[in-house]
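K.L.:
input.cif (mmCIF, C-alpha atoms) pasted underneath:
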```cif
data_protein
#
loop_
_atom_site.group_PDB
_atom_site.id
_atom_site.type_symbol
_atom_site.label_atom_id
_atom_site.label_comp_id
_atom_site.auth_asym_id
_atom_site.auth_seq_id
_atom_site.Cartn_x
_atom_site.Cartn_y
_atom_site.Cartn_z
ATOM 1 C CA MET I 1 0.000 0.000 0.000
ATOM 2 C CA SER I 2 1.684 3.208 -1.141
ATOM 3 C CA LYS I 3 2.079 5.895 1.473
ATOM 4 C CA ILE I 4 1.117 9.512 0.937
ATOM 5 C CA TRP I 5 2.880 12.295 2.797
ATOM 6 C CA ILE I 6 0.744 15.321 3.654
ATOM 7 C CA PHE I 7 2.756 18.395 4.590
ATOM 8 C CA ASP I 8 1.527 21.565 6.184
ATOM 9 C CA LEU I 9 3.261 24.620 4.721
ATOM 10 C CA ASP I 10 3.844 27.485 7.168
ATOM 11 C CA ASP I 11 6.138 26.671 10.103
ATOM 12 C CA THR I 12 6.459 23.116 8.817
ATOM 13 C CA LEU I 13 8.254 23.401 5.471
ATOM 14 C CA HIS I 14 9.618 26.883 6.220
ATOM 15 C CA ASP I 15 9.758 29.476 8.970
ATOM 16 C CA ALA I 16 6.685 31.709 8.778
ATOM 17 C CA SER I 17 6.592 32.894 12.400
ATOM 18 C CA SER I 18 9.496 35.324 12.339
ATOM 19 C CA LYS I 19 8.443 37.621 9.472
ATOM 20 C CA ILE I 20 5.585 36.258 7.349
ATOM 21 C CA PHE I 21 2.948 35.740 10.050
ATOM 22 C CA PRO I 22 3.455 39.179 11.663
ATOM 23 C CA SER I 23 3.035 40.755 8.213
ATOM 24 C CA ILE I 24 -0.134 38.750 7.422
ATOM 25 C CA ASN I 25 -1.593 39.466 10.858
ATOM 26 C CA GLN I 26 -1.014 43.174 10.359
ATOM 27 C CA SER I 27 -2.674 43.058 6.912
ATOM 28 C CA MET I 28 -5.670 41.140 8.308
ATOM 29 C CA THR I 29 -6.214 43.619 11.133
ATOM 30 C CA VAL I 30 -6.015 46.564 8.709
ATOM 31 C CA TYR I 31 -8.481 44.846 6.356
ATOM 32 C CA VAL I 32 -10.991 44.108 9.158
ATOM 33 C CA SER I 33 -10.649 47.649 10.515
ATOM 34 C CA GLN I 34 -11.336 49.221 7.103
ATOM 35 C CA LYS I 35 -14.005 46.760 5.977
ATOM 36 C CA LEU I 36 -16.058 46.941 9.167
ATOM 37 C CA GLN I 37 -15.142 50.574 9.909
ATOM 38 C CA ILE I 38 -13.921 49.817 13.421
ATOM 39 C CA SER I 39 -10.765 50.805 15.289
ATOM 40 C CA HIS I 40 -7.497 48.944 14.889
ATOM 41 C CA GLN I 41 -7.796 47.588 18.462
ATOM 42 C CA ASP I 42 -11.409 46.437 17.940
ATOM 43 C CA ALA I 43 -10.375 44.731 14.698
ATOM 44 C CA HIS I 44 -7.536 42.974 16.540
ATOM 45 C CA ASP I 45 -9.908 41.807 19.304
ATOM 46 C CA LEU I 46 -12.521 40.633 16.812
ATOM 47 C CA ARG I 47 -9.916 38.613 14.939
ATOM 48 C CA ASN I 48 -8.873 36.908 18.181
ATOM 49 C CA GLN I 49 -12.492 36.120 18.953
ATOM 50 C CA TYR I 50 -13.082 34.623 15.488
ATOM 51 C CA TRP I 51 -9.856 32.645 15.748
ATOM 52 C CA LYS I 52 -11.110 31.024 18.977
ATOM 53 C CA VAL I 53 -14.631 30.345 17.684
ATOM 54 C CA TYR I 54 -14.006 29.414 14.035
ATOM 55 C CA GLY I 55 -10.307 28.526 13.836
ATOM 56 C CA ALA I 56 -9.750 31.350 11.331
ATOM 57 C CA THR I 57 -10.449 35.062 10.979
ATOM 58 C CA LEU I 58 -11.858 34.493 7.493
ATOM 59 C CA LYS I 59 -14.507 31.999 8.613
ATOM 60 C CA GLY I 60 -15.826 34.463 11.205
ATOM 61 C CA LEU I 61 -15.917 37.284 8.668
ATOM 62 C CA MET I 62 -17.791 35.119 6.169
ATOM 63 C CA GLU I 63 -20.311 33.873 8.740
ATOM 64 C CA ASN I 64 -21.016 37.203 10.427
ATOM 65 C CA HIS I 65 -20.307 39.896 7.831
ATOM 66 C CA GLY I 66 -20.696 38.222 4.437
ATOM 67 C CA VAL I 67 -17.111 39.029 3.499
ATOM 68 C CA ASP I 68 -15.971 37.764 0.078
ATOM 69 C CA PRO I 69 -13.208 35.220 0.829
ATOM 70 C CA LYS I 70 -11.325 35.840 -2.431
ATOM 71 C CA GLU I 71 -11.142 39.568 -1.765
ATOM 72 C CA PHE I 72 -10.013 38.976 1.822
ATOM 73 C CA LEU I 73 -7.275 36.504 0.860
ATOM 74 C CA LEU I 74 -5.890 38.670 -1.954
ATOM 75 C CA ASN I 75 -5.818 41.715 0.316
ATOM 76 C CA THR I 76 -4.114 39.961 3.230
ATOM 77 C CA HIS I 77 -1.623 37.647 1.466
ATOM 78 C CA ASP I 78 0.627 39.709 -0.797
ATOM 79 C CA ALA I 79 2.489 36.748 -2.248
ATOM 80 C CA GLU I 80 5.157 38.772 -4.027
ATOM 81 C CA GLU I 81 6.001 40.728 -0.885
ATOM 82 C CA LEU I 82 5.836 37.738 1.483
ATOM 83 C CA SER I 83 7.998 35.575 -0.793
ATOM 84 C CA LYS I 84 10.907 37.926 -0.094
ATOM 85 C CA PHE I 85 11.056 36.584 3.472
ATOM 86 C CA VAL I 86 11.604 32.989 2.302
ATOM 87 C CA LYS I 87 15.049 31.434 2.602
ATOM 88 C CA GLN I 88 15.874 28.602 0.205
ATOM 89 C CA SER I 89 17.268 25.521 1.848
ATOM 90 C CA TYR I 90 19.306 22.820 0.159
ATOM 91 C CA ALA I 91 18.728 20.614 3.229
ATOM 92 C CA LEU I 92 14.947 20.884 2.762
ATOM 93 C CA GLU I 93 15.215 19.995 -0.936
ATOM 94 C CA ASN I 94 17.444 17.048 -0.097
ATOM 95 C CA THR I 95 14.999 15.815 2.553
ATOM 96 C CA LEU I 96 12.007 15.928 0.204
ATOM 97 C CA LYS I 97 13.999 14.228 -2.540
ATOM 98 C CA LYS I 98 14.794 11.294 -0.238
ATOM 99 C CA ILE I 99 11.267 10.729 1.077
ATOM 100 C CA LYS I 100 9.667 7.890 -0.856
ATOM 101 C CA GLY I 101 6.017 8.128 -1.838
ATOM 102 C CA GLN I 102 3.596 10.753 -3.080
ATOM 103 C CA LYS I 103 3.827 14.139 -1.370
ATOM 104 C CA ILE I 104 1.189 16.866 -1.190
ATOM 105 C CA VAL I 105 0.833 20.188 0.620
ATOM 106 C CA PHE I 106 -2.307 20.821 2.693
ATOM 107 C CA THR I 107 -2.475 24.361 4.071
ATOM 108 C CA ASN I 108 -5.015 26.809 5.476
ATOM 109 C CA ALA I 109 -3.322 29.506 3.397
ATOM 110 C CA PRO I 110 -4.698 30.671 0.021
ATOM 111 C CA LEU I 111 -3.478 28.989 -3.147
ATOM 112 C CA HIS I 112 -1.735 32.008 -4.733
ATOM 113 C CA TYR I 113 0.351 32.455 -1.575
ATOM 114 C CA ALA I 114 1.113 28.727 -1.118
ATOM 115 C CA ILE I 115 2.358 28.367 -4.685
ATOM 116 C CA ALA I 116 4.512 31.513 -4.421
ATOM 117 C CA ILE I 117 6.149 30.268 -1.200
ATOM 118 C CA ILE I 118 6.731 26.762 -2.585
ATOM 119 C CA LYS I 119 8.346 28.259 -5.706
ATOM 120 C CA SER I 120 10.517 30.540 -3.573
ATOM 121 C CA LEU I 121 11.668 27.478 -1.650
ATOM 122 C CA ASN I 122 12.354 25.769 -5.009
ATOM 123 C CA ILE I 123 10.507 22.603 -3.949
ATOM 124 C CA GLN I 124 7.513 22.569 -6.317
ATOM 125 C CA LYS I 125 8.801 19.518 -8.225
ATOM 126 C CA TYR I 126 8.493 17.310 -5.124
ATOM 127 C CA PHE I 127 4.720 17.768 -4.704
ATOM 128 C CA SER I 128 1.992 16.244 -6.819
ATOM 129 C CA ALA I 129 -0.642 18.691 -5.538
ATOM 130 C CA VAL I 130 -1.185 21.736 -3.328
ATOM 131 C CA TYR I 131 -4.461 21.892 -1.394
ATOM 132 C CA SER I 132 -5.343 25.262 0.090
ATOM 133 C CA ILE I 133 -8.202 26.933 1.977
ATOM 134 C CA GLU I 134 -10.073 27.175 -1.352
ATOM 135 C CA SER I 135 -9.862 23.364 -1.727
ATOM 136 C CA THR I 136 -11.900 22.882 1.463
ATOM 137 C CA ARG I 137 -14.524 25.538 0.656
ATOM 138 C CA TYR I 138 -12.937 27.845 3.215
ATOM 139 C CA ASN I 139 -13.285 25.308 6.052
ATOM 140 C CA PRO I 140 -9.843 25.396 7.692
ATOM 141 C CA LYS I 141 -7.961 22.631 9.438
ATOM 142 C CA PRO I 142 -8.545 21.234 12.052
ATOM 143 C CA SER I 143 -12.124 20.616 10.816
ATOM 144 C CA ILE I 144 -12.790 16.981 9.946
ATOM 145 C CA TYR I 145 -14.639 18.242 6.860
ATOM 146 C CA ALA I 146 -11.376 19.733 5.536
ATOM 147 C CA PHE I 147 -9.440 16.493 6.051
ATOM 148 C CA ARG I 148 -12.141 14.319 4.482
ATOM 149 C CA LYS I 149 -12.365 16.645 1.492
ATOM 150 C CA ILE I 150 -8.617 16.298 0.862
ATOM 151 C CA LEU I 151 -8.731 12.512 1.263
ATOM 152 C CA ARG I 152 -11.476 12.366 -1.370
ATOM 153 C CA ARG I 153 -9.424 14.570 -3.689
ATOM 154 C CA VAL I 154 -6.327 12.340 -3.425
ATOM 155 C CA GLY I 155 -8.357 9.127 -3.419
ATOM 156 C CA LYS I 156 -6.638 7.657 -0.369
ATOM 157 C CA LYS I 157 -7.708 6.177 2.946
ATOM 158 C CA ALA I 158 -6.591 7.978 6.127
ATOM 159 C CA ARG I 159 -4.459 4.998 7.186
ATOM 160 C CA GLN I 160 -2.345 5.431 4.029
ATOM 161 C CA CYS I 161 -1.403 8.986 5.023
ATOM 162 C CA VAL I 162 1.267 10.576 7.179
ATOM 163 C CA MET I 163 0.459 14.115 8.334
ATOM 164 C CA VAL I 164 3.488 16.337 8.988
ATOM 165 C CA GLU I 165 2.430 19.450 10.920
ATOM 166 C CA ASP I 166 3.494 22.056 13.466
ATOM 167 C CA ASP I 167 -0.048 22.468 14.850
ATOM 168 C CA LEU I 168 -1.278 20.070 17.542
ATOM 169 C CA ALA I 169 -4.975 20.710 16.874
ATOM 170 C CA ASN I 170 -4.529 19.695 13.238
ATOM 171 C CA LEU I 171 -2.640 16.549 14.218
ATOM 172 C CA LYS I 172 -5.398 15.658 16.655
ATOM 173 C CA THR I 173 -7.922 15.534 13.797
ATOM 174 C CA ALA I 174 -5.488 13.646 11.569
ATOM 175 C CA TYR I 175 -4.956 11.045 14.309
ATOM 176 C CA LYS I 176 -8.685 10.811 15.038
ATOM 177 C CA ILE I 177 -9.494 9.829 11.454
ATOM 178 C CA GLY I 178 -6.639 7.296 11.291
ATOM 179 C CA MET I 179 -3.583 9.070 9.861
ATOM 180 C CA LYS I 180 -0.060 8.642 11.158
ATOM 181 C CA THR I 181 1.185 11.897 12.664
ATOM 182 C CA ILE I 182 4.505 13.723 12.912
ATOM 183 C CA LEU I 183 4.824 16.947 14.898
ATOM 184 C CA VAL I 184 7.423 19.498 13.797
ATOM 185 C CA SER I 185 8.079 21.555 16.907
ATOM 186 C CA ARG I 186 10.736 22.557 19.398
ATOM 187 C CA GLN I 187 8.203 22.105 22.193
ATOM 188 C CA ASN I 188 8.394 18.661 23.682
ATOM 189 C CA LYS I 189 4.707 17.863 23.920
ATOM 190 C CA LYS I 190 3.874 14.220 24.503
ATOM 191 C CA THR I 191 0.315 13.358 23.558
ATOM 192 C CA ILE I 192 -1.409 10.276 22.243
ATOM 193 C CA PHE I 193 -2.081 11.866 18.858
ATOM 194 C CA VAL I 194 1.568 12.653 18.082
ATOM 195 C CA GLY I 195 3.189 9.530 16.666
ATOM 196 C CA LYS I 196 6.628 11.101 16.354
ATOM 197 C CA ARG I 197 8.146 14.491 17.124
ATOM 198 C CA ILE I 198 10.974 16.199 15.244
ATOM 199 C CA THR I 199 12.335 19.692 15.835
ATOM 200 C CA LYS I 200 12.865 20.472 12.150
ATOM 201 C CA ILE I 201 11.714 19.041 8.859
ATOM 202 C CA THR I 202 15.174 17.777 7.832
ATOM 203 C CA GLN I 203 15.008 15.207 10.652
ATOM 204 C CA LEU I 204 12.447 13.227 8.641
ATOM 205 C CA ILE I 205 15.261 11.294 6.972
#
```
For the structure just supplied, provide its representation as structure tokens.
P.N.:
Amino acid sequence: MSKIWIFDLDDTLHDASSKIFPSINQSMTVYVSQKLQISHQDAHDLRNQYWKVYGATLKGLMENHGVDPKEFLLNTHDAEELSKFVKQSYALENTLKKIKGQKIVFTNAPLHYAIAIIKSLNIQKYFSAVYSIESTRYNPKPSIYAFRKILRRVGKKARQCVMVEDDLANLKTAYKIGMKTILVSRQNKKTIFVGKRITKITQLI
């Protein structure tokens, strides 16, 4: 039975926390502030609230304010600008080259951004597909709906998949539906739904 490797993108295949996430967060807060005509602080608080309730700012904006997801994602993910923060890594390329089996990317980020980052990392040739927030009808991980949608798209059973992720909530869902799980994190968190923990992606081989 051939194995399929499912990789998260941000903070799994590359470092997004140091520069990319702060930039996106800033753009999202500005967008919410302007769109809803509220103060910067109120926009920040509302985003936190939606993050807790829906798992994503976008989902809350769609549910409560009828925001167009395409407009939101284009306004908050300037792919050209964000790509400048990406550092190419020969070690990452080498790791992906050595991993046997089909590899896909499954991210809560929008497709235009995901593709730009993957190209900047020079790793596009190692992946057979990139599944983004659009692929799951704007239902972000960790929703079971999102995972099931991707499994249907790749035509695989959960037990054939290995999920490589930095987010524990996403791994919890992956484990629950029967995937093998690998946590990429410097935090040493032992839980039943983490099959293996590595501190960086290059430790996969």
K.L.:
What is the CA of Ile24 (chain I)-CA of Leu121 (chain I) distance in Å, reported with one decimal?
P.N.:
18.7 Å
K.L.:
Evaluate the PyMOL selection byres ((chain I and resi 104) around 6) and record the selected residues as a list of chain:residue names, following the chain and residue labels used in the document.
P.N.:
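Answer for the PyMOL selection byres ((chain I and resi 104) around 6): I:Ile6, I:Lys103, I:Val105, I:Phe127, I:Ser128, I:Ala129, I:Val130.
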K.L.:
Might you pull out every residue within 12 Å of Leu96 (chain I), with all atoms listed in the file counted and same-chain residues fewer than 3 positions away left off, and present them as an MDAnalysis selection string?
P.N.:
chainID I and resid 5:7 13 89:93 99:105 121:127 201:205
K.L.:
At what distance in Å, to one decimal, does CA of Leu183 (chain I) lie from CA of Lys196 (chain I)?
P.N.:
6.3 Å
K.L.:
Point out the residue among I:Met163, I:Leu171, I:Leu58, I:Ile38 with the least atom-to-atom distance to Glu71 (chain I), counting all atoms listed in the file.
P.N.:
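Of all the options, I:Leu58 lies closest to Glu71 (chain I).
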K.L.:
Could you check how far CA of Leu9 (chain I) sits from CA of Ser120 (chain I), in Å to one decimal?
P.N.:
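A separation of 12.5 Å between them.
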K.L.:
Need the shell around Ala79 (chain I): protein/DNA/RNA residues with any atom at most 12 Å away, counting only C-alpha atoms. Skip same-chain ones fewer than 5 positions apart. Format as a list in words?
P.N.:
Ile20, Ser23, Ile24, Leu73, Leu74, Lys84, Phe85, Val86, Ala109, Pro110, Leu111, His112, Tyr113, Ala114, Ile115, Ala116, Ile117, Ile118, Lys119 and Ser120 of chain I
K.L.:
Taking only residues of region 101-122 of chain I that have an atom at most 8 Å from an atom of region 137-159 of chain I, what is each one's shortest atom pair and its distance in Å to one decimal, using only C-alpha atoms, in chain and number order, as a Markdown table?
P.N.:
```
| residue | atom | partner | partner_atom | distance |
| --- | --- | --- | --- | --- |
| I:Phe106 | CA | I:Ile150 | CA | 8.0 |
| I:Thr107 | CA | I:Lys141 | CA | 7.9 |
| I:Asn108 | CA | I:Pro140 | CA | 5.5 |
```
K.L.:
Just need the box for region 96-108 of chain I, edges along x, y and z, holding every atom the file lists for it with 5 Å tacked onto each side, so centre and edge lengths in Å to one decimal, as lines of an AutoDock Vina configuration file.
P.N.:
```
center_x = 4.9
center_y = 17.3
center_z = 1.2
size_x = 29.8
size_y = 28.9
size_z = 18.6
```
K.L.:
Running the PyMOL selection byres ((chain I and resi 186) around 6) on this model by hand, what would come out? Give it as a PyMOL selection string.
P.N.:
chain I and resi 185+187+199
K.L.:
Can you list, as a compact mmCIF listing (two decimals) with C-alpha atoms, keeping the file's coordinate frame, every protein, DNA or RNA residue that comes within 12 Å of Asn64 (chain I) when you count all atoms listed in the file, leaving out same-chain residues fewer than 2 positions away?
P.N.:
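The result, written out as selection16.txt:
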```txt
# COMPACT_ATOMS: atom_id res chain seq x y z
CA LEU I 36 -16.06 46.94 9.17
CA LEU I 46 -12.52 40.63 16.81
CA TYR I 50 -13.08 34.62 15.49
CA VAL I 53 -14.63 30.34 17.68
CA TYR I 54 -14.01 29.41 14.04
CA THR I 57 -10.45 35.06 10.98
CA LEU I 58 -11.86 34.49 7.49
CA LYS I 59 -14.51 32.00 8.61
CA GLY I 60 -15.83 34.46 11.20
CA LEU I 61 -15.92 37.28 8.67
CA MET I 62 -17.79 35.12 6.17
CA GLY I 66 -20.70 38.22 4.44
CA VAL I 67 -17.11 39.03 3.50
CA ASP I 68 -15.97 37.76 0.08
```
K.L.:
Out of I:Phe21, I:Asp166, I:Asn188, I:Lys176, which residue has the shortest atom-to-atom distance to Asp8 (chain I) when counting all atoms listed in the file?
P.N.:
I:Asp166
K.L.:
Report as a list in words the full result of the PyMOL selection byres ((chain I and resi 182) around 8) when it is applied to this structure.
P.N.:
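Selection result, ordered by chain and number: Val162, Met163, Val164, Glu165, Leu171, Lys180, Thr181, Leu183, Val184, Val194, Gly195, Lys196, Arg197 and Ile198 of chain I.
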K.L.:
Name the closest residue to His40 (chain I) among the candidates I:Ala56, I:Ile177, I:Met28, I:Ile4; distances are taken between atoms, counting all atoms listed in the file.
P.N.:
I:Met28
K.L.:
Smallest atom-to-atom distance to Lys200 (chain I): which of I:Thr95, I:Thr173, I:Ser83, I:Gln26, using only C-alpha atoms?
P.N.:
I:Thr95
